[in-house]
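Inspection log for the structure reproduced underneath, given as structure tokens.
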Amino acid sequence: MERTFAIIKPDAVQRNIAGKILDRIEAGGFKVIGMKRLLLTTEQAMGFYYVHRERPFFKDLCAFMASGPVVVLVLEKDGAIAEWRKLMGATNPEAAEAGTIRKDFGVSLEKNSVHGSDSPESAAFEIPYFFNGLELV
């Protein structure tokens, strides 16, 4: 079994569709082994997205991620990273395939409803950023 990290972003939580996204996750065969609702500070968002610190969208991304509550998750499934990325869809909802979370719920490139680890290395950083081992059951 592989683990991946996911975030239901502030735009989705604000629109009260976190439950619909969780339904898709569970229907996709993922086991939710960790889940929290948090309000990130800008500094926490900056630490999480540090790999993008040189990109022009970094400050706006961090401000957005600190703009309202998020739901952070650890998901488990065979091939979880690739399977979650497939279920999320393309980063830009306009380019995402029909039936994906971002196509169905995303509003814009920034407000695309969900985040997911893109590799085993990023999952290894992202999961312990928000969860300790005792919280994963």
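Chain labels A, B, ... are given in the sequence in which chains occur in the structure tokens; within each chain residues are numbered consecutively from 1, and ligands are likewise numbered from 1 in the order shown.
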
request  = Quick one: everything within 12 Å of A:Val72, counting only C-alpha atoms, minus sequence neighbours fewer than 2 positions away in the same chain. Send it as number ranges by chain.
outcome  = A: 4-10, 13, 18, 22, 32-40, 65, 69-70, 74-75, 114-117, 126-131

key: For A:Met1: contacts at 9 Å, only C-alpha atoms, fewer than 5 positions along chain excluded, given as a VMD selection string   = chain A and resid 76 to 80

Selection from above, all heavy atoms, as a compact mmCIF listing (two decimals), in the first residue's frame, can you write it?
```
# COMPACT_ATOMS: atom_id res chain seq x y z
N GLU A 76 -4.49 6.21 1.51
CA GLU A 76 -3.75 4.97 1.29
C GLU A 76 -4.47 4.12 0.25
O GLU A 76 -5.70 4.01 0.26
CB GLU A 76 -3.64 4.21 2.61
CG GLU A 76 -2.71 3.02 2.58
CD GLU A 76 -2.54 2.41 3.95
OE1 GLU A 76 -3.51 1.78 4.43
OE2 GLU A 76 -1.46 2.57 4.54
N LYS A 77 -3.67 3.56 -0.65
CA LYS A 77 -4.20 2.70 -1.72
C LYS A 77 -3.00 2.20 -2.51
O LYS A 77 -1.96 2.85 -2.54
CB LYS A 77 -5.12 3.54 -2.62
CG LYS A 77 -5.72 2.80 -3.79
CD LYS A 77 -6.61 3.73 -4.62
CE LYS A 77 -7.17 2.97 -5.80
NZ LYS A 77 -8.16 3.74 -6.55
N ASP A 78 -3.13 1.09 -3.19
CA ASP A 78 -2.09 0.67 -4.12
C ASP A 78 -1.96 1.76 -5.18
O ASP A 78 -2.96 2.18 -5.77
CB ASP A 78 -2.43 -0.66 -4.80
CG ASP A 78 -2.26 -1.85 -3.87
OD1 ASP A 78 -1.45 -1.76 -2.92
OD2 ASP A 78 -2.94 -2.87 -4.09
N GLY A 79 -0.74 2.24 -5.41
CA GLY A 79 -0.52 3.29 -6.41
C GLY A 79 -1.18 4.61 -6.05
O GLY A 79 -1.62 5.35 -6.92
N ALA A 80 -1.25 4.92 -4.75
CA ALA A 80 -2.02 6.07 -4.27
C ALA A 80 -1.63 7.39 -4.91
O ALA A 80 -2.50 8.20 -5.24
CB ALA A 80 -1.89 6.18 -2.74
```

Per residue of stretch 10-34 of chain A within 8 Å of stretch 100-112 of chain A, what are the shortest atom pair and its distance in Å to one decimal, counting only C-alpha atoms, with rows by chain and residue number, as CSV?
```
residue,atom,partner,partner_atom,distance
A:Asp11,CA,A:Lys111,CA,5.8
A:Ala12,CA,A:Phe105,CA,7.6
A:Ile21,CA,A:Ile101,CA,7.1
A:Arg24,CA,A:Ile101,CA,7.8
```

task = Rounded to one decimal place, report the atom CA of A:Ser67-atom CA of A:Ile17 distance in Å.
result = 16.6 Å

request  = Please return as a PyMOL selection string: the residues of chain A that backbone DSSP assigns to helix (DSSP H, G or I).
outcome  = chain A and resi 10-14+18-27+42-48+50-52+58-65+80-88+93-95+101-105+120-130+133-135

message = Applying 10 Å and only C-alpha atoms, which residues near A:Ala63 remain after dropping the ones on its own chain fewer than 2 positions away? List them as a list in words.
response =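 Near neighbours after the sequence-gap exclusion: Leu40, Thr41, Thr42, Glu43, Ala45, Met46, Phe58, Lys59, Asp60, Leu61, Met65, Ala66, Ser67 and Gly68 of chain A.
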
request  = Go ahead and compute the interatomic distance for atom CA of A:Ala82 and atom CA of A:Phe57, in Å to one decimal.
outcome  =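 Taking atom CA of A:Ala82 as the start and atom CA of A:Phe57 as the end point, the length is 24.8 Å.
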
query = If you measure from atom CA of A:Lys31 to atom CA of A:Ala124, what distance in Å do you get, rounded to one decimal?
reply =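 Those two atoms sit 17.7 Å apart.
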
query = Out of stretch 1-114 of chain A, which residues get strand (DSSP E) from DSSP, as a list in words?
reply =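 Residues of stretch 1-114 of chain A classed as strand (DSSP E): Glu2, Arg3, Thr4, Phe5, Ala6, Ile7, Ile8, Lys31, Val32, Ile33, Gly34, Met35, Lys36, Arg37, Leu38, Val70, Val71, Val72, Leu73, Val74, Leu75, Glu76, Lys77 and Val114 of chain A.
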
message = Nearest residue to A:Leu73 out of A:Glu94, A:Ser119, A:Ile25, A:Lys20, using only C-alpha atoms?
response =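 When distances to A:Leu73 are compared using only C-alpha atoms, the smallest one comes from A:Ile25.
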